[in-house]
Structures are given as C-alpha cells and as structure tokens.
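Asker: Pasting final-v4.txt below, which is compact mmCIF, C-alpha atoms.
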```txt
# COMPACT_ATOMS: atom_id res chain seq x y z
CA MET A 1 84.89 246.47 41.98
CA THR A 2 85.77 242.96 40.82
CA LYS A 3 85.16 242.50 37.11
CA ILE A 4 83.12 239.64 35.66
CA LYS A 5 83.81 237.23 32.81
CA LEU A 6 81.07 234.88 31.61
CA CYS A 7 82.82 232.21 29.57
CA GLY A 8 81.77 229.50 27.16
CA LEU A 9 78.89 231.37 25.56
CA SER A 10 77.68 229.75 22.36
CA ARG A 11 74.06 230.69 21.65
CA LYS A 12 72.14 233.83 20.74
CA GLU A 13 70.22 233.47 24.00
CA ASP A 14 73.50 233.58 25.95
CA ILE A 15 74.51 236.81 24.23
CA LEU A 16 71.16 238.49 24.81
CA CYS A 17 71.36 237.67 28.51
CA ALA A 18 74.93 238.98 28.65
CA ASN A 19 73.81 242.22 27.00
CA GLU A 20 71.20 242.57 29.74
CA LEU A 21 73.77 241.97 32.50
CA LEU A 22 76.75 243.80 30.96
CA PRO A 23 79.62 241.74 32.37
CA ASP A 24 83.04 243.19 31.63
CA TYR A 25 84.02 240.20 29.49
CA ILE A 26 82.44 237.27 27.72
CA GLY A 27 84.38 234.31 26.37
CA PHE A 28 84.17 232.12 23.29
CA VAL A 29 85.93 228.75 23.39
CA PHE A 30 87.85 227.86 20.23
CA ALA A 31 89.37 224.62 21.52
CA LYS A 32 87.84 221.90 19.35
CA GLY A 33 87.99 219.30 22.10
CA SER A 34 85.65 221.32 24.31
CA ARG A 35 81.89 220.79 24.42
CA ARG A 36 81.64 224.59 24.46
CA TYR A 37 83.52 224.91 21.16
CA VAL A 38 82.29 227.65 18.83
CA ALA A 39 83.40 227.78 15.19
CA PRO A 40 84.99 231.10 14.16
CA ASP A 41 82.21 232.02 11.71
CA ARG A 42 79.59 231.33 14.36
CA ALA A 43 81.54 233.39 16.90
CA LEU A 44 81.73 236.30 14.45
CA ALA A 45 77.96 236.19 13.96
CA LEU A 46 77.46 236.20 17.72
CA ARG A 47 80.03 238.97 18.12
CA GLU A 48 77.85 241.23 15.99
CA LEU A 49 75.09 240.90 18.60
CA ILE A 50 77.27 241.75 21.61
CA ASP A 51 76.97 245.11 23.33
CA SER A 52 80.06 247.16 22.49
CA ARG A 53 80.73 247.78 26.18
CA ILE A 54 81.58 244.09 26.67
CA LYS A 55 85.08 242.87 25.76
CA VAL A 56 85.21 239.58 23.89
CA VAL A 57 87.79 236.96 24.87
CA GLY A 58 88.80 233.96 22.79
CA VAL A 59 89.96 230.84 24.65
CA LEU A 60 92.58 228.91 22.69
CA VAL A 61 94.70 225.88 23.52
CA ASP A 62 98.13 225.40 21.88
CA GLU A 63 96.96 226.91 18.61
CA ASP A 64 99.30 228.11 15.86
CA GLU A 65 100.40 231.69 16.63
CA GLU A 66 99.24 233.13 13.33
CA LYS A 67 95.85 231.47 13.59
CA THR A 68 95.49 232.76 17.14
CA ALA A 69 96.32 236.29 16.01
CA SER A 70 93.84 235.99 13.14
CA TYR A 71 90.91 235.85 15.57
CA VAL A 72 91.86 239.36 16.70
CA SER A 73 92.66 240.77 13.25
CA ALA A 74 89.35 239.43 11.91
CA GLY A 75 87.47 241.27 14.65
CA ILE A 76 86.07 238.10 16.22
CA ILE A 77 87.66 238.79 19.62
CA ASP A 78 89.40 241.60 21.49
CA ILE A 79 91.54 239.54 23.85
CA VAL A 80 93.34 236.21 23.52
CA GLN A 81 93.20 233.77 26.44
CA LEU A 82 95.87 231.07 26.28
CA HIS A 83 94.82 227.90 28.04
CA GLY A 84 97.50 225.43 27.01
CA SER A 85 101.27 225.11 27.32
CA GLU A 86 102.02 228.39 25.54
CA ASP A 87 105.33 229.89 26.75
CA GLU A 88 106.98 233.30 26.77
CA GLU A 89 108.26 232.84 23.22
CA TYR A 90 104.71 232.18 22.06
CA ILE A 91 103.45 235.32 23.82
CA GLY A 92 106.22 237.33 22.17
CA LYS A 93 105.22 236.06 18.74
CA LEU A 94 101.62 237.05 19.37
CA ARG A 95 102.71 240.56 20.28
CA ALA A 96 104.76 240.77 17.08
CA LEU A 97 101.62 239.76 15.18
CA GLY A 98 99.70 242.66 16.68
CA VAL A 99 97.89 241.02 19.59
CA ASN A 100 97.66 243.71 22.26
CA GLU A 101 95.86 241.98 25.14
CA ILE A 102 96.70 238.51 26.39
CA ILE A 103 95.42 236.45 29.31
CA LYS A 104 97.48 233.38 30.24
CA ALA A 105 95.83 230.64 32.27
CA PHE A 106 97.70 228.63 34.89
CA LYS A 107 96.69 225.46 36.71
CA ILE A 108 97.27 226.07 40.41
CA GLY A 109 98.28 223.21 42.64
CA SER A 110 101.15 224.71 44.61
CA ARG A 111 102.75 227.97 45.67
CA GLU A 112 105.33 227.43 42.91
CA ASP A 113 102.52 227.55 40.36
CA ILE A 114 101.55 230.98 41.70
CA GLU A 115 105.15 232.17 41.34
CA THR A 116 105.28 230.91 37.77
CA ALA A 117 102.04 232.70 36.96
CA ALA A 118 103.24 235.92 38.59
CA ALA A 119 106.28 235.98 36.29
CA SER A 120 104.26 235.76 33.07
CA SER A 121 104.57 238.62 30.58
CA ALA A 122 100.88 238.30 29.69
CA ASP A 123 98.72 241.32 30.46
CA TYR A 124 96.66 239.26 32.86
CA ILE A 125 96.97 235.84 34.42
CA LEU A 126 94.10 233.46 35.10
CA LEU A 127 94.32 231.10 38.05
CA ASP A 128 92.38 227.87 37.59
CA SER A 129 92.05 224.49 39.25
CA GLY A 130 92.61 222.83 35.88
CA GLN A 131 90.42 219.97 37.00
CA GLY A 132 87.12 220.81 35.34
CA GLY A 133 83.87 219.73 36.85
CA GLY A 134 83.49 222.93 38.83
CA ARG A 135 86.24 222.32 41.37
CA VAL A 136 87.98 225.08 43.28
CA PHE A 137 91.67 225.08 44.17
CA ASP A 138 93.15 226.10 47.51
CA TRP A 139 92.74 229.89 47.48
CA ASP A 140 95.28 230.23 50.30
CA LEU A 141 97.99 229.35 47.77
CA ILE A 142 97.49 232.76 46.16
CA GLY A 143 99.03 234.43 49.19
CA SER A 144 100.11 238.03 48.59
CA LEU A 145 100.11 237.91 44.78
CA ARG A 146 100.54 241.52 43.72
CA ARG A 147 99.46 241.52 40.09
CA PRO A 148 95.90 241.54 38.71
CA TYR A 149 94.44 238.10 38.10
CA PHE A 150 91.29 236.38 36.96
CA LEU A 151 90.04 233.83 39.47
CA ALA A 152 88.51 230.72 37.88
CA GLY A 153 87.80 227.13 38.80
CA GLY A 154 84.62 226.02 40.51
CA LEU A 155 83.02 229.43 40.96
CA ASP A 156 79.23 229.60 41.07
CA CYS A 157 76.37 231.66 42.46
CA GLU A 158 76.89 230.17 45.92
CA ASN A 159 80.63 230.72 46.48
CA VAL A 160 81.58 233.74 44.38
CA THR A 161 80.65 236.26 47.08
CA GLU A 162 83.00 234.50 49.48
CA ALA A 163 85.73 234.47 46.82
CA VAL A 164 85.45 238.19 46.13
CA ASN A 165 85.33 239.07 49.83
CA TYR A 166 88.31 236.87 50.67
CA LEU A 167 90.58 237.53 47.69
CA ALA A 168 89.40 240.73 45.96
CA PRO A 169 90.60 239.44 42.57
CA TYR A 170 90.75 241.70 39.54
CA ALA A 171 88.09 239.52 37.90
CA VAL A 172 86.12 236.32 38.38
CA ASP A 173 85.60 233.87 35.52
CA VAL A 174 82.70 231.41 35.38
CA SER A 175 81.51 228.82 32.90
CA SER A 176 80.11 225.56 34.30
CA GLY A 177 78.84 227.42 37.37
CA ILE A 178 76.21 229.19 35.24
CA GLU A 179 75.06 226.08 33.37
CA ASN A 180 72.40 223.41 33.62
CA TYR A 181 73.31 220.18 31.82
CA GLY A 182 76.01 221.93 29.81
CA ILE A 183 73.79 224.80 28.63
CA LYS A 184 74.04 228.36 29.93
CA ASP A 185 71.20 229.16 32.32
CA ALA A 186 69.96 232.75 32.26
CA ASP A 187 68.80 232.67 35.88
CA LYS A 188 72.20 231.42 37.04
CA MET A 189 73.93 234.08 34.93
CA ARG A 190 71.83 236.76 36.61
CA LYS A 191 72.39 235.36 40.11
CA PHE A 192 76.16 235.15 39.57
CA VAL A 193 76.43 238.74 38.36
CA ARG A 194 74.24 240.01 41.21
CA ALA A 195 76.35 238.08 43.73
CA VAL A 196 79.59 239.67 42.52
CA ARG A 197 78.12 243.17 42.39
CA SER A 198 76.64 242.85 45.85
CA VAL A 199 80.13 242.93 47.35
CA GLY A 200 81.46 246.33 48.29
```
Let me see the file written as structure tokens.
Answerer:
Amino acid sequence: MTKIKLCGLSRKEDILCANELLPDYIGFVFAKGSRRYVAPDRALALRELIDSRIKVVGVLVDEDEEKTASYVSAGIIDIVQLHGSEDEEYIGKLRALGVNEIIKAFKIGSREDIETAAASSADYILLDSGQGGGRVFDWDLIGSLRRPYFLAGGLDCENVTEAVNYLAPYAVDVSSGIENYGIKDADKMRKFVRAVRSVG
C-alpha cells in the first residue's frame, strides 16, 4: 500500500490529528523562508508528542551539512529531506556524519529531470512540481521509473486517489492540499488519508 507523508506540521493540534491517523511520515519544515517554518526547539517539543510509529522527516534547504546532521543526532527527526541544490558530495558528507536515511527532492519538468532523480544516491527521491501553490506536474514524465519515490506537488483529497491508482508511488506527500488559509485542516487531513487507504 502507498505510504503517506503529511508535511509542514507546526502545531500541537496537527500532531494530535496525525497520531489519530497514523500516517507513515510527518514532516517539519526547517527552511526559514517558508511560512511553515518550525524552530528546532519547537520541533523537538512537538516530536515528544508524536506516536512512535510515525517517522519524522525534517525538510531542509541548502543547510550546512553539520547543522543538518545535528537535527538527527539531537533526536528531533529520523530522516533528512533535502529540498535545495544539495549534490552527491553533500549526501556523502551527511552519511559520514551518521545520517542514515535521506530523501532528496527534485523539481520535475522534463524526462531528463526524472533520469537525474533516478541516479541519486539518496535512499528515496521525491518528485515535485517545484512551483508551489498546489500545482501538479505531468505525471506521464515519470514513465517506467523503477526506484521507490515520494510523489508530491499539488496533491489533495480530490486527486490523490487518481495519483495512487495511476502511478502506485512508494509514498504520497501533501502539505498545502490539507490546509485552509495556510493552516492544517483536520478534516482535510482525515479525507486525504482515507482517500489513499481506499485504494487497493
């Protein structure tokens, strides 16, 4: 069954709803330019409320390698998600610093972008539109990609069933699609999770 990642959580209410739904992953955003930014100390406090069955992902953008690794060593997150221009050398440095699970995000606009993503040494790749605003990219570009990937970009309660049926991705990743006016909406979170789990 396709796994679920609910990203951009920032409030106690978000965590309590996630604990009710038990997605496979939740995500904290540590990029300071994002409206979903969560400070590390706040994330750690929220982490203590999260059901232990849920893996915690930290979204970082072109952060210093040692600082990125510190989120894992401090127990704030389990998995690092790289959402900037981080390259293979950067990933190698993270591994040397003890980071065991890495997701690398790629903006998909062409078949070449898929090939670049497929070659990544990260444990998982995340395919995104990179456009924000809840826009999907052309799913046909994915073609016969043979490695596990997170599908992101414009997913919501209305289209995620189609996405899972059509692509059968390893996981789906949602943020704006479960929000109202920039705040996570518990009803939308529930509808999204039910939609994914209704497939197969």
Asker: Which residues come within 8 Å of region 108-122 of chain A, counting only C-alpha atoms, excluding same-chain residues fewer than 5 positions away, as a PyMOL selection string?
Answerer: chain A and resi 88+91+101-103+127-130+137-138+141-142+145+147
Asker: Which residues come within 12 Å of Gly182 (chain A), counting all atoms listed in the file, excluding same-chain residues fewer than 2 positions away, as a VMD selection string?
Answerer: chain A and resid 8 to 10 34 to 37 133 to 134 175 to 180 184 to 185
Asker: Taking (95.2, 232.3, 27.1) in the file's coordinates as the center, which residues reach within 10 Å of it, counting all atoms listed in the file, put as an mmCIF file with C-alpha atoms, in the frame of the given file?
Answerer:
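The result, stored in selection.cif:
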```
data_model
loop_
_atom_site.group_PDB
_atom_site.id
_atom_site.type_symbol
_atom_site.label_atom_id
_atom_site.label_comp_id
_atom_site.auth_asym_id
_atom_site.auth_seq_id
_atom_site.Cartn_x
_atom_site.Cartn_y
_atom_site.Cartn_z
ATOM 1 C CA VAL A 57 87.790 236.960 24.870
ATOM 2 C CA GLY A 58 88.800 233.960 22.790
ATOM 3 C CA VAL A 59 89.960 230.840 24.650
ATOM 4 C CA LEU A 60 92.580 228.910 22.690
ATOM 5 C CA VAL A 61 94.700 225.880 23.520
ATOM 6 C CA ASP A 62 98.130 225.400 21.880
ATOM 7 C CA THR A 68 95.490 232.760 17.140
ATOM 8 C CA ILE A 79 91.540 239.540 23.850
ATOM 9 C CA VAL A 80 93.340 236.210 23.520
ATOM 10 C CA GLN A 81 93.200 233.770 26.440
ATOM 11 C CA LEU A 82 95.870 231.070 26.280
ATOM 12 C CA HIS A 83 94.820 227.900 28.040
ATOM 13 C CA GLY A 84 97.500 225.430 27.010
ATOM 14 C CA SER A 85 101.270 225.110 27.320
ATOM 15 C CA GLU A 86 102.020 228.390 25.540
ATOM 16 C CA ILE A 91 103.450 235.320 23.820
ATOM 17 C CA GLU A 101 95.860 241.980 25.140
ATOM 18 C CA ILE A 102 96.700 238.510 26.390
ATOM 19 C CA ILE A 103 95.420 236.450 29.310
ATOM 20 C CA LYS A 104 97.480 233.380 30.240
ATOM 21 C CA ALA A 105 95.830 230.640 32.270
ATOM 22 C CA PHE A 106 97.700 228.630 34.890
ATOM 23 C CA ALA A 122 100.880 238.300 29.690
ATOM 24 C CA TYR A 124 96.660 239.260 32.860
ATOM 25 C CA ILE A 125 96.970 235.840 34.420
ATOM 26 C CA LEU A 126 94.100 233.460 35.100
#
```
Asker: Which is closer to Ser198 (chain A) than all the others in A:Val160, A:Val56, A:Val174, A:Ile183, using only C-alpha atoms?
Answerer: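 Ranking A:Val160, A:Val56, A:Val174, A:Ile183 by distance to Ser198 (chain A), first place goes to A:Val160.
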Asker: Name the closest residue to Lys12 (chain A) among the candidates A:Leu155, A:Val199, A:Asp64, A:Ala186; distances are taken between atoms, counting only C-alpha atoms.
Answerer: A:Ala186
Asker: Taking only C-alpha atoms into account, which of A:Glu89, A:Asp173, A:Asp24, A:Asp187 comes nearest Arg53 (chain A)?
Answerer: A:Asp24
Asker: Counting only C-alpha atoms, which residue out of A:Leu21, A:Gly33, A:Glu63, A:Tyr71 sits closest to Asp51 (chain A)?
Answerer: A:Leu21
Asker: May I have the residues within 8 Å of Leu16 (chain A) as a PyMOL selection string, using all atoms listed in the file and disregarding those fewer than 3 positions away in the same chain?
Answerer: chain A and resi 12-13+19-20+49-50
Asker: Please indicate the distance in Å from CA of Asp78 (chain A) to CA of Lys55 (chain A), rounded to one decimal place.
Answerer: 6.2 Å
Asker: Between CA of Asn159 (chain A) and CA of Ala195 (chain A), what is the distance in Å, rounded to a tenth?
Answerer: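 A separation of 8.9 Å between them.
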